[in-house]
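*Asks:* What follows is coords10.txt, compact mmCIF, C-alpha atoms and all ligand atoms.
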# COMPACT_ATOMS: atom_id res chain seq x y z
CA MET A 1 -53.60 170.15 73.56
CA SER A 2 -55.67 170.06 70.36
CA GLN A 3 -55.87 166.83 68.37
CA THR A 4 -54.58 167.29 64.80
CA PRO A 5 -56.52 165.35 62.13
CA LEU A 6 -54.11 162.72 60.82
CA PRO A 7 -56.19 160.47 58.54
CA HIS A 8 -53.27 158.95 56.66
CA LEU A 9 -51.08 158.37 59.71
CA GLN A 10 -54.07 156.81 61.48
CA LEU A 11 -54.14 154.12 58.79
CA GLU A 12 -50.49 153.29 59.60
CA LEU A 13 -51.14 152.65 63.30
CA ASP A 14 -50.42 148.91 63.14
CA LYS A 15 -47.16 149.57 61.28
CA LEU A 16 -46.19 152.12 63.96
CA LYS A 17 -46.84 149.58 66.69
CA ALA A 18 -44.52 147.06 65.02
CA CYS A 19 -41.45 148.98 66.26
CA ILE A 20 -39.90 147.21 69.25
CA HIS A 21 -37.45 150.07 69.93
CA CYS A 22 -34.44 147.77 69.57
CA GLY A 23 -32.28 150.46 67.93
CA ILE A 24 -30.76 148.13 65.34
CA CYS A 25 -31.66 150.73 62.70
CA LEU A 26 -29.59 153.49 64.29
CA PRO A 27 -26.21 152.66 62.72
CA ALA A 28 -27.91 152.41 59.29
CA CYS A 29 -29.42 155.90 59.54
CA PRO A 30 -27.31 158.62 57.91
CA THR A 31 -29.00 161.48 59.79
CA TYR A 32 -28.46 159.74 63.14
CA GLN A 33 -24.85 159.06 62.23
CA ALA A 34 -24.34 162.71 61.30
CA THR A 35 -26.10 164.27 64.29
CA GLY A 36 -25.99 161.65 67.06
CA SER A 37 -29.52 162.77 67.99
CA GLU A 38 -32.24 160.22 68.81
CA ALA A 39 -34.83 162.61 67.29
CA GLU A 40 -32.99 162.29 63.97
CA SER A 41 -33.08 158.49 64.04
CA PRO A 42 -35.75 156.08 62.73
CA ARG A 43 -36.64 154.93 66.25
CA GLY A 44 -36.87 158.51 67.48
CA ARG A 45 -38.97 159.64 64.53
CA LEU A 46 -41.35 156.71 64.94
CA TYR A 47 -41.75 157.67 68.60
CA LEU A 48 -42.46 161.27 67.63
CA MET A 49 -45.06 160.20 65.05
CA LYS A 50 -46.76 157.96 67.62
CA LYS A 51 -46.92 160.82 70.14
CA LEU A 52 -48.29 163.07 67.40
CA LEU A 53 -51.01 160.53 66.64
CA GLU A 54 -51.86 160.23 70.32
CA GLY A 55 -52.19 164.02 70.55
CA GLN A 56 -49.28 164.32 73.00
CA LEU A 57 -47.12 166.38 70.66
CA GLU A 58 -47.97 169.28 68.37
CA PRO A 59 -47.04 169.06 64.66
CA GLU A 60 -44.60 171.95 65.10
CA ALA A 61 -42.53 169.81 67.49
CA VAL A 62 -42.43 166.83 65.14
CA LYS A 63 -42.22 168.30 61.64
CA PRO A 64 -38.59 169.57 61.71
CA HIS A 65 -37.36 166.06 62.52
CA LEU A 66 -39.44 164.50 59.76
CA ASP A 67 -38.23 167.18 57.35
CA GLN A 68 -34.64 166.19 58.16
CA CYS A 69 -35.32 162.56 57.22
CA LEU A 70 -33.89 161.59 53.82
CA ALA A 71 -36.67 159.03 53.24
CA CYS A 72 -33.85 156.75 52.14
CA HIS A 73 -35.49 153.63 53.65
CA GLY A 74 -32.08 152.43 54.84
CA CYS A 75 -33.63 151.69 58.23
CA GLU A 76 -36.19 149.32 56.68
CA THR A 77 -33.53 147.05 55.22
CA VAL A 78 -32.00 146.29 58.63
CA CYS A 79 -35.15 146.31 60.79
CA PRO A 80 -35.81 142.88 62.37
CA SER A 81 -39.44 143.80 62.95
CA ALA A 82 -40.08 144.73 59.29
CA VAL A 83 -41.35 148.18 60.27
CA GLN A 84 -42.52 149.92 57.11
CA TYR A 85 -40.94 153.20 58.09
CA GLY A 86 -41.18 154.79 54.63
CA ASN A 87 -44.95 154.35 54.38
CA ILE A 88 -45.45 155.75 57.87
CA LEU A 89 -43.22 158.75 57.14
CA LEU A 90 -44.87 159.62 53.81
CA SER A 91 -48.36 159.28 55.30
CA THR A 92 -47.42 161.66 58.12
CA ARG A 93 -45.83 164.09 55.69
CA GLU A 94 -49.06 164.05 53.67
CA ASP A 95 -51.13 164.87 56.75
CA LEU A 96 -48.77 167.63 57.86
CA ALA A 97 -48.46 169.10 54.36
CA GLN A 98 -52.23 169.61 54.22
CA ARG A 99 -52.11 172.01 57.17
CA ASP A 100 -49.02 173.87 55.98
CA HIS A 101 -50.00 177.10 54.20
CA SER A 102 -46.56 178.71 54.25
CA LEU A 103 -45.15 180.57 51.26
CA SER A 104 -42.37 178.02 50.77
CA ARG A 105 -44.84 175.14 50.57
CA ARG A 106 -47.05 177.04 48.12
CA LEU A 107 -43.99 177.72 46.01
CA LYS A 108 -43.03 174.05 46.04
CA ARG A 109 -46.57 173.03 45.09
CA PHE A 110 -46.40 175.43 42.16
CA VAL A 111 -43.15 173.83 41.00
CA PHE A 112 -44.49 170.28 41.46
CA SER A 113 -47.83 170.91 39.76
CA ARG A 114 -47.03 173.56 37.12
CA VAL A 115 -43.32 173.64 36.35
CA LEU A 116 -42.15 170.02 36.38
CA PRO A 117 -45.05 168.73 34.24
CA ASN A 118 -44.42 171.50 31.69
CA HIS A 119 -41.78 169.79 29.59
CA ARG A 120 -41.54 172.55 27.02
CA LEU A 121 -40.65 175.00 29.79
CA LEU A 122 -38.01 172.60 31.13
CA VAL A 123 -36.49 172.19 27.68
CA TRP A 124 -36.17 175.97 27.36
CA GLY A 125 -34.71 176.15 30.87
CA GLY A 126 -32.18 173.49 29.85
CA ARG A 127 -31.22 175.48 26.73
CA PHE A 128 -30.70 178.59 28.83
CA LEU A 129 -28.51 176.72 31.33
CA ARG A 130 -26.48 175.16 28.52
CA LEU A 131 -25.90 178.60 27.01
CA TYR A 132 -24.95 179.94 30.46
CA GLN A 133 -22.36 177.17 30.80
CA ARG A 134 -20.96 177.15 27.29
CA SER A 135 -20.81 180.91 26.71
CA GLY A 136 -18.29 181.34 29.54
CA LEU A 137 -20.84 183.18 31.69
CA GLN A 138 -20.78 180.44 34.32
CA MET A 139 -16.99 180.69 34.58
CA LEU A 140 -17.24 184.47 34.92
CA VAL A 141 -19.99 184.32 37.55
CA ARG A 142 -18.08 181.72 39.56
CA GLY A 143 -14.72 183.49 39.11
CA LEU A 144 -16.09 186.82 40.34
CA GLY A 145 -17.96 185.10 43.19
CA LEU A 146 -21.16 186.90 42.14
CA LEU A 147 -23.39 184.26 43.71
CA LYS A 148 -21.88 184.74 47.16
CA ILE A 149 -24.58 187.31 47.87
CA ALA A 150 -27.18 184.53 47.55
CA PRO A 151 -25.69 181.42 49.21
CA ALA A 152 -28.76 179.24 48.52
CA LEU A 153 -28.59 180.05 44.81
CA ALA A 154 -24.82 179.49 44.81
CA HIS A 155 -25.38 176.04 46.30
CA GLN A 156 -28.04 175.17 43.71
CA GLU A 157 -25.82 176.40 40.92
CA SER A 158 -22.90 174.34 42.20
CA LEU A 159 -25.00 171.17 41.82
CA LEU A 160 -25.69 171.73 38.11
CA PRO A 161 -24.29 169.07 35.84
CA GLU A 162 -22.93 170.03 32.44
CA ILE A 163 -26.16 170.24 30.48
CA PRO A 164 -25.81 167.92 27.46
CA ALA A 165 -26.97 168.61 23.92
CA ARG A 166 -30.48 167.16 23.97
CA ARG A 167 -31.73 164.78 21.30
CA ALA A 168 -35.50 164.93 21.60
CA LEU A 169 -37.53 161.78 22.22
CA THR A 170 -41.05 162.41 21.02
CA PRO A 171 -44.21 160.39 21.68
CA GLY A 172 -44.73 157.57 19.21
CA MET A 173 -41.06 157.02 18.41
CA GLY A 174 -40.10 153.33 18.33
CA PHE A 175 -36.70 151.66 18.39
CA GLY A 176 -35.33 148.14 18.07
CA ASN A 177 -37.06 144.93 17.13
CA SER A 178 -40.76 145.60 16.48
CA ALA A 179 -41.45 141.88 16.89
CA GLY A 180 -39.92 141.91 20.40
CA GLU A 181 -41.62 142.59 23.71
CA THR A 182 -42.90 146.18 23.85
CA VAL A 183 -41.26 148.43 26.40
CA ALA A 184 -42.67 151.87 27.21
CA LEU A 185 -39.73 154.08 28.17
CA LEU A 186 -40.51 156.82 30.68
CA THR A 187 -38.17 159.76 30.23
CA GLY A 188 -39.30 161.96 33.14
CA CYS A 189 -38.89 165.67 33.67
CA VAL A 190 -35.48 166.82 34.97
CA MET A 191 -33.79 163.55 33.93
CA ASP A 192 -34.53 164.33 30.29
CA ILE A 193 -32.84 167.73 30.60
CA PHE A 194 -29.84 166.86 32.78
CA TYR A 195 -29.16 163.34 31.52
CA ASN A 196 -30.90 162.99 28.14
CA PRO A 197 -28.05 160.83 26.70
CA VAL A 198 -28.83 158.21 29.36
CA HIS A 199 -32.25 157.71 27.70
CA TRP A 200 -30.56 157.05 24.37
CA ASP A 201 -28.19 154.62 26.09
CA THR A 202 -31.22 152.89 27.63
CA ILE A 203 -32.82 152.56 24.21
CA GLU A 204 -29.59 151.24 22.71
CA ALA A 205 -29.12 148.55 25.39
CA LEU A 206 -32.76 147.45 25.27
CA ALA A 207 -32.84 147.36 21.47
CA ALA A 208 -29.61 145.30 21.42
CA ASN A 209 -31.41 142.81 23.64
CA GLY A 210 -34.35 142.40 21.30
CA TYR A 211 -36.92 144.76 22.86
CA TRP A 212 -39.20 147.14 20.97
CA VAL A 213 -38.84 150.47 22.80
CA VAL A 214 -41.68 152.97 22.41
CA ILE A 215 -41.89 156.50 23.79
CA PRO A 216 -45.37 157.19 25.22
CA GLU A 217 -46.87 160.64 25.69
CA GLN A 218 -45.88 161.60 29.21
CA SER A 219 -44.70 164.19 31.72
CA CYS A 220 -43.48 164.33 35.35
CA CYS A 221 -44.38 161.28 37.48
CA GLY A 222 -44.90 163.26 40.71
CA ALA A 223 -42.07 161.62 42.67
CA LEU A 224 -40.74 164.84 44.21
CA ALA A 225 -44.27 165.85 45.28
CA HIS A 226 -44.76 162.41 46.87
CA HIS A 227 -41.51 162.76 48.77
CA ALA A 228 -42.63 166.14 50.13
CA GLY A 229 -46.08 164.95 51.21
CA ASP A 230 -47.97 166.64 48.35
CA THR A 231 -49.43 163.30 47.38
CA ASP A 232 -52.59 164.85 45.90
CA ILE A 233 -50.37 166.22 43.13
CA THR A 234 -48.73 162.82 42.69
CA ARG A 235 -52.13 161.16 42.29
CA GLU A 236 -53.07 163.63 39.55
CA ARG A 237 -49.75 163.11 37.77
CA ALA A 238 -50.18 159.34 38.15
CA LYS A 239 -53.64 159.26 36.54
CA ASP A 240 -52.39 161.14 33.52
CA LEU A 241 -49.27 158.99 33.13
CA ILE A 242 -51.09 155.68 33.64
CA THR A 243 -53.73 156.43 31.01
CA LYS A 244 -51.24 157.61 28.41
CA THR A 245 -48.71 154.82 29.00
CA LEU A 246 -51.15 151.92 29.05
CA SER A 247 -52.70 153.17 25.79
CA ILE A 248 -49.68 151.73 23.93
CA HIS A 249 -50.21 148.29 25.57
CA PRO A 250 -46.65 147.70 26.77
CA GLN A 251 -45.45 144.43 28.29
CA TRP A 252 -43.01 146.46 30.41
CA ILE A 253 -42.85 150.05 31.59
CA VAL A 254 -39.20 150.93 32.00
CA VAL A 255 -37.56 153.69 33.99
CA ASN A 256 -33.90 154.52 34.56
CA SER A 257 -34.38 156.85 37.54
CA ALA A 258 -34.57 155.01 40.88
CA GLY A 259 -36.47 157.78 42.68
CA CYS A 260 -39.15 158.04 39.98
CA GLY A 261 -39.38 154.24 39.79
CA SER A 262 -40.06 153.82 43.48
CA THR A 263 -42.93 156.32 43.41
CA MET A 264 -44.43 154.75 40.28
CA LYS A 265 -44.17 151.32 41.92
CA ASP A 266 -46.51 152.84 44.53
CA TYR A 267 -49.17 154.08 42.07
CA GLY A 268 -51.27 150.96 42.65
CA LYS A 269 -51.38 151.65 46.38
CA LEU A 270 -51.81 155.43 46.02
CA LEU A 271 -54.85 154.99 43.75
CA ALA A 272 -56.32 151.84 45.32
CA GLY A 273 -59.28 153.85 46.64
CA ASP A 274 -60.16 155.40 43.27
CA SER A 275 -62.40 152.90 41.48
CA SER A 276 -62.14 154.89 38.22
CA ILE A 277 -58.48 153.92 37.80
CA ALA A 278 -57.44 151.46 40.55
CA PRO A 279 -57.12 148.38 38.25
CA GLN A 280 -55.05 150.34 35.70
CA ALA A 281 -52.86 151.77 38.48
CA ALA A 282 -52.20 148.25 39.78
CA GLU A 283 -51.36 147.06 36.25
CA PHE A 284 -49.02 150.03 35.74
CA SER A 285 -47.12 149.35 38.97
CA GLU A 286 -46.91 145.64 38.16
CA LYS A 287 -45.34 146.35 34.76
CA LEU A 288 -43.05 149.12 36.01
CA ILE A 289 -39.43 148.00 36.21
CA ASP A 290 -35.97 149.53 36.41
CA VAL A 291 -34.00 149.01 33.20
CA MET A 292 -31.21 147.05 34.93
CA ALA A 293 -33.72 144.71 36.57
CA LEU A 294 -35.40 144.06 33.20
CA LEU A 295 -32.12 143.30 31.44
CA ALA A 296 -31.15 140.93 34.27
CA LYS A 297 -34.20 138.75 33.54
CA LYS A 298 -32.59 137.06 30.52
CA PRO A 299 -29.04 136.30 29.37
CA LEU A 300 -27.52 139.41 27.81
CA ALA A 301 -27.06 139.62 24.04
CA PRO A 302 -23.39 139.38 22.91
CA PHE A 303 -21.36 142.59 23.27
CA LYS A 304 -19.50 144.27 20.38
CA ASN A 305 -16.97 146.42 22.19
CA TYR A 306 -14.07 144.71 23.96
CA GLY A 307 -12.01 147.84 24.51
CA LEU A 308 -13.56 149.48 27.56
CA HIS A 309 -10.79 148.84 30.15
CA GLU A 310 -12.55 150.59 33.01
CA LYS A 311 -12.39 150.03 36.77
CA ILE A 312 -15.88 150.75 38.02
CA THR A 313 -17.41 151.01 41.46
CA TYR A 314 -21.16 150.93 42.12
CA HIS A 315 -23.15 153.23 44.42
CA ALA A 316 -26.57 151.71 45.11
CA ALA A 317 -29.28 154.39 44.94
CA CYS A 318 -31.51 154.08 48.02
CA HIS A 319 -34.73 153.96 46.01
CA LEU A 320 -33.38 151.11 43.93
CA TYR A 321 -31.71 149.10 46.70
CA HIS A 322 -33.90 149.68 49.75
CA VAL A 323 -37.26 150.40 48.10
CA GLN A 324 -37.40 148.49 44.81
CA LYS A 325 -35.07 145.78 46.19
CA VAL A 326 -32.99 145.82 43.01
CA LYS A 327 -29.71 144.97 44.71
CA GLN A 328 -27.44 142.60 42.84
CA GLU A 329 -28.71 142.97 39.27
CA PRO A 330 -26.78 146.12 38.21
CA MET A 331 -23.49 144.65 39.45
CA ASP A 332 -24.19 141.26 37.86
CA LEU A 333 -24.78 142.96 34.50
CA LEU A 334 -21.72 145.21 34.76
CA ALA A 335 -19.54 142.24 35.69
CA GLN A 336 -20.38 140.71 32.30
CA VAL A 337 -19.13 143.70 30.31
CA PRO A 338 -15.78 142.87 28.66
CA GLY A 339 -12.97 145.03 29.99
CA VAL A 340 -14.90 146.21 33.05
CA GLU A 341 -13.45 145.42 36.46
CA LEU A 342 -15.82 145.97 39.37
CA VAL A 343 -14.21 147.50 42.43
CA PRO A 344 -16.08 147.24 45.75
CA LEU A 345 -17.48 150.37 47.39
CA THR A 346 -17.80 149.94 51.14
CA GLN A 347 -21.26 150.88 52.42
CA MET A 348 -22.43 151.16 48.83
CA GLU A 349 -26.09 151.14 49.98
CA ALA A 350 -25.68 154.12 52.35
CA CYS A 351 -27.44 157.31 51.20
CA CYS A 352 -25.27 159.96 49.53
CA GLY A 353 -27.41 162.81 50.92
CA SER A 354 -29.14 163.72 47.67
CA ALA A 355 -32.66 162.42 48.46
CA GLY A 356 -34.89 164.31 46.02
CA ILE A 357 -34.50 167.98 46.90
CA PHE A 358 -33.03 167.28 50.36
CA ASN A 359 -29.62 168.55 49.21
CA LEU A 360 -31.24 171.85 48.20
CA GLU A 361 -33.28 172.22 51.38
CA HIS A 362 -30.72 170.96 53.91
CA PRO A 363 -27.34 171.73 52.34
CA GLU A 364 -25.32 171.38 55.56
CA LEU A 365 -26.68 168.01 56.67
CA SER A 366 -26.63 166.77 53.08
CA GLY A 367 -22.99 167.87 52.83
CA GLU A 368 -22.06 165.97 56.01
CA ILE A 369 -23.69 162.81 54.67
CA LEU A 370 -21.92 163.27 51.34
CA GLN A 371 -18.59 163.54 53.18
CA GLU A 372 -19.11 160.06 54.58
CA LYS A 373 -19.89 158.68 51.12
CA MET A 374 -16.84 160.44 49.70
CA ALA A 375 -14.56 158.78 52.25
CA HIS A 376 -15.60 155.38 50.85
CA LEU A 377 -15.39 156.60 47.27
CA THR A 378 -11.90 157.98 47.86
CA THR A 379 -10.77 154.54 49.02
CA ALA A 380 -12.32 152.89 45.96
CA CYS A 381 -10.53 155.41 43.75
CA GLN A 382 -7.15 155.91 45.39
CA ALA A 383 -6.57 152.49 46.97
CA ASN A 384 -8.37 150.30 44.45
CA GLY A 385 -8.04 152.28 41.23
CA ALA A 386 -11.71 152.93 40.36
CA SER A 387 -11.94 155.64 37.72
CA THR A 388 -15.74 155.56 37.39
CA VAL A 389 -18.62 155.43 39.83
CA VAL A 390 -21.98 154.32 38.45
CA THR A 391 -25.39 154.85 40.00
CA GLY A 392 -28.95 154.51 38.70
CA ASN A 393 -30.49 157.74 39.91
CA PRO A 394 -30.07 161.31 38.58
CA GLY A 395 -30.07 162.87 42.07
CA CYS A 396 -27.23 160.59 43.17
CA MET A 397 -25.34 161.35 39.97
CA LEU A 398 -25.55 165.10 40.70
CA GLN A 399 -24.56 164.66 44.33
CA LEU A 400 -21.59 162.37 43.65
CA GLN A 401 -20.39 164.67 40.87
CA LYS A 402 -20.41 167.55 43.34
CA GLY A 403 -18.43 165.49 45.89
CA ILE A 404 -15.91 164.36 43.29
CA GLU A 405 -15.33 167.91 42.05
CA THR A 406 -14.98 169.30 45.54
CA GLN A 407 -12.40 166.68 46.44
CA HIS A 408 -10.68 166.76 43.01
CA LEU A 409 -10.94 162.98 42.67
CA PRO A 410 -9.93 161.63 39.23
CA MET A 411 -13.29 159.94 38.69
CA GLN A 412 -16.28 160.24 36.40
CA VAL A 413 -19.93 159.56 37.25
CA ARG A 414 -22.03 157.47 34.89
CA HIS A 415 -25.34 155.67 34.81
CA PRO A 416 -24.80 151.88 34.69
CA ILE A 417 -26.92 151.57 31.54
CA SER A 418 -24.46 153.89 29.76
CA VAL A 419 -21.66 151.38 30.37
CA LEU A 420 -23.79 148.59 28.92
CA ALA A 421 -24.78 150.70 25.91
CA GLU A 422 -21.14 151.51 25.22
CA ALA A 423 -20.34 147.81 25.24
CA TYR A 424 -23.02 147.29 22.56
CA ARG A 425 -21.38 149.80 20.19
CA SER A 426 -18.54 148.99 17.90
CA PRO A 427 -15.30 150.64 19.12
CA GLN A 428 -15.54 153.21 16.26
CA GLN A 429 -19.01 154.29 17.39
CA SER A 430 -17.94 154.23 21.03
CA SER A 431 -15.34 156.96 20.75
CA THR A 432 -17.96 159.47 19.60
CA SER A 433 -20.81 158.42 21.84
CA PRO A 434 -22.17 160.63 24.63
CA LYS A 435 -21.29 159.32 28.08
CA GLY A 436 -23.82 161.16 30.28
CA LYS A 437 -21.17 162.71 32.46
CA ARG A 438 -19.48 165.98 32.98
S1 LIG B 1 -37.56 150.64 63.44
FE1 LIG B 1 -37.04 148.45 63.52
S2 LIG B 1 -34.83 148.43 63.92
FE2 LIG B 1 -35.55 150.50 64.39
S3 LIG B 1 -35.98 150.48 66.59
FE3 LIG B 1 -37.91 149.98 65.56
S4 LIG B 1 -37.96 147.75 65.44
FE4 LIG B 1 -35.84 148.31 65.92
S1 LIG B 2 -35.37 156.88 56.02
FE1 LIG B 2 -33.10 157.12 56.11
S2 LIG B 2 -32.76 159.11 57.11
FE2 LIG B 2 -34.92 158.54 57.48
S3 LIG B 2 -34.91 157.52 59.45
FE3 LIG B 2 -34.68 155.89 57.92
S4 LIG B 2 -32.46 155.59 57.65
FE4 LIG B 2 -32.77 157.57 58.74
What is this file in structure tokens?
*Replies:*
Amino acid sequence: MSQTPLPHLQLELDKLKACIHCGICLPACPTYQATGSEAESPRGRLYLMKKLLEGQLEPEAVKPHLDQCLACHGCETVCPSAVQYGNILLSTREDLAQRDHSLSRRLKRFVFSRVLPNHRLLVWGGRFLRLYQRSGLQMLVRGLGLLKIAPALAHQESLLPEIPARRALTPGMGFGNSAGETVALLTGCVMDIFYNPVHWDTIEALAANGYWVVIPEQSCCGALAHHAGDTDITRERAKDLITKTLSIHPQWIVVNSAGCGSTMKDYGKLLAGDSSIAPQAAEFSEKLIDVMALLAKKPLAPFKNYGLHEKITYHAACHLYHVQKVKQEPMDLLAQVPGVELVPLTQMEACCGSAGIFNLEHPELSGEILQEKMAHLTTACQANGASTVVTGNPGCMLQLQKGIETQHLPMQVRHPISVLAEAYRSPQQSSTSPKGKR
């Protein structure tokens, strides 16, 4: 059996050895829960990666099981041995990606390196999708079942949110108190097309709390490439973003997308070996913070709107809860909003099955995992009266919206910062404000 070069996995050897095979992680793993297969569990995948490193298994035998991992890091939170599963997984994916020359991988690399960083192209794509939805064409296509001939496309189309009217945020714009601490707001790629009003809500909440919010020149952060093992693309994206963002000398670098935030928190580590930018990468990651975590650092400014009257439940995005360890802050902030009643969501930290582009690549398994999440959400809605679910990640917002529509639940999906922003508007403003939902 030939030995596959695995330079990145080799560096994780000590982390691999930390697993004591206790199996405590198994109940926390959504793919194990859905399949009942040891090979789809954290313990099983760690075993497979160890055998791969030892040359006892070929990549072809291991890769499908790693591909079916959500990279949700749920196993890390419960592991008594503090196994850094996520690092091991992403290092192995990077090694395996480098020997994968398939058409599908080349296509994904093209999207990660050429499409997502091209914001102008994304804006035009967003305009086209909005026209498709608002002209009645979407209704016609769905009504006639035209997409049934291409099930993969039908699935992708079914995940589309209602594309909002986009108010552009251009580099150099500043908002709020110019004497306050400077916050660089990262607006991302797809987030700015699908959920652009959430950025305006972020600005509104930060400005109300005395921050000076500045929009740096920027493009895609490379999170989806990182997730897929195309970390070389992520490093290139990171260098560009770090240089442009630090040029405005922010005290904080704020993000409202959990998945993007967790990758950018890793920039320091990803670029530690590149002496041309390592100190800046470390500074960037140090200053990077989720918007809810930043607002939780100080007492909130007084609210203006006392008329919300909303029962809200909170779904914790994996990359916020398990990776960035932002756990209690969003709920603590929401609990302070007048008129908001927080309703518990059982297993709120369990993955919803979105996981980057996992729901596009593995629709069946993703759907099974979503079913489990929907059972808990149905209880929060029907038994406890929640009319809104909030979550701090665009992928989760899309996935939950899909589940809610499929099950005809009377709920809306919002970003938690949108609830805060609404509470900072006067009631007259509030009735006309965008809500970032379908
Ligand atoms: S990853 Fe952690 S919890 Fe899972 S089997 Fe290994 S030591 Fe136990
Ligand atoms: S990252 Fe998530 S899906 Fe992957 S092994 Fe861990 S718990 Fe399971």
*Asks:* Rank nothing, just name the residue among A:Lys148, A:His65, A:Lys17, A:His73 nearest to Glu38 of chain A, using all atoms listed in the file.
*Replies:*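 Closest candidate: A:His65.
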*Asks:* If you take all atoms listed in the file and a cut-off of 10 Å, which residues of chain A touch ligand LIG 1 (chain B), and what are their nearest atom pairs and distances in Å to one decimal, in chain and number order, as a tab-separated table?
*Replies:*
residue	atom	partner	partner_atom	distance
A:Lys15	CA	B:LIG1	S1	9.9
A:Leu16	CA	B:LIG1	FE3	8.7
A:Lys17	CA	B:LIG1	FE3	9.0
A:Ala18	CA	B:LIG1	S4	6.6
A:Cys19	CA	B:LIG1	FE3	3.7
A:Ile20	CA	B:LIG1	S4	4.3
A:His21	CA	B:LIG1	S3	3.7
A:Cys22	CA	B:LIG1	FE4	3.9
A:Gly23	CA	B:LIG1	S3	3.9
A:Ile24	CA	B:LIG1	S2	4.3
A:Cys25	CA	B:LIG1	S2	4.1
A:Leu26	CA	B:LIG1	FE2	6.7
A:Pro27	CA	B:LIG1	S2	9.7
A:Ala28	CA	B:LIG1	S2	9.2
A:Cys29	CA	B:LIG1	FE2	9.5
A:Ser41	CA	B:LIG1	FE2	8.4
A:Pro42	CA	B:LIG1	S1	5.8
A:Arg43	CA	B:LIG1	S3	4.5
A:Gly44	CA	B:LIG1	S3	8.1
A:Arg45	CA	B:LIG1	S1	9.2
A:Leu46	CA	B:LIG1	S1	7.3
A:Tyr47	CA	B:LIG1	FE3	9.1
A:Cys75	CA	B:LIG1	FE2	6.6
A:Glu76	CA	B:LIG1	FE1	6.9
A:Thr77	CA	B:LIG1	S2	8.9
A:Val78	CA	B:LIG1	S2	6.4
A:Cys79	CA	B:LIG1	S2	3.8
A:Pro80	CA	B:LIG1	FE1	5.8
A:Ser81	CA	B:LIG1	S4	4.9
A:Ala82	CA	B:LIG1	FE1	6.4
A:Val83	CA	B:LIG1	FE1	5.4
A:Gln84	CA	B:LIG1	S1	8.1
A:Tyr85	CA	B:LIG1	S1	6.8
*Asks:* Have a look at atom CA of Glu236 of chain A and atom CA of Thr263 of chain A and let me know their distance in Å, one decimal.
*Replies:*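 Atom CA of Thr263 of chain A lies at a distance of 13.1 Å from atom CA of Glu236 of chain A.
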*Asks:* Which one is closest to Gln98 of chain A: A:Leu131, A:Leu146, A:Ala228, A:Leu121? Count all atoms listed in the file.
*Replies:*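 Of A:Leu131, A:Leu146, A:Ala228, A:Leu121, the one nearest Gln98 of chain A, counting all atoms listed in the file, is A:Ala228.
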*Asks:* Looking at A:Gly259, A:Pro250, A:Gly180, A:Pro30, which one is nearest to Cys351 of chain A, with distances taken over all atoms listed in the file?
*Replies:* A:Pro30
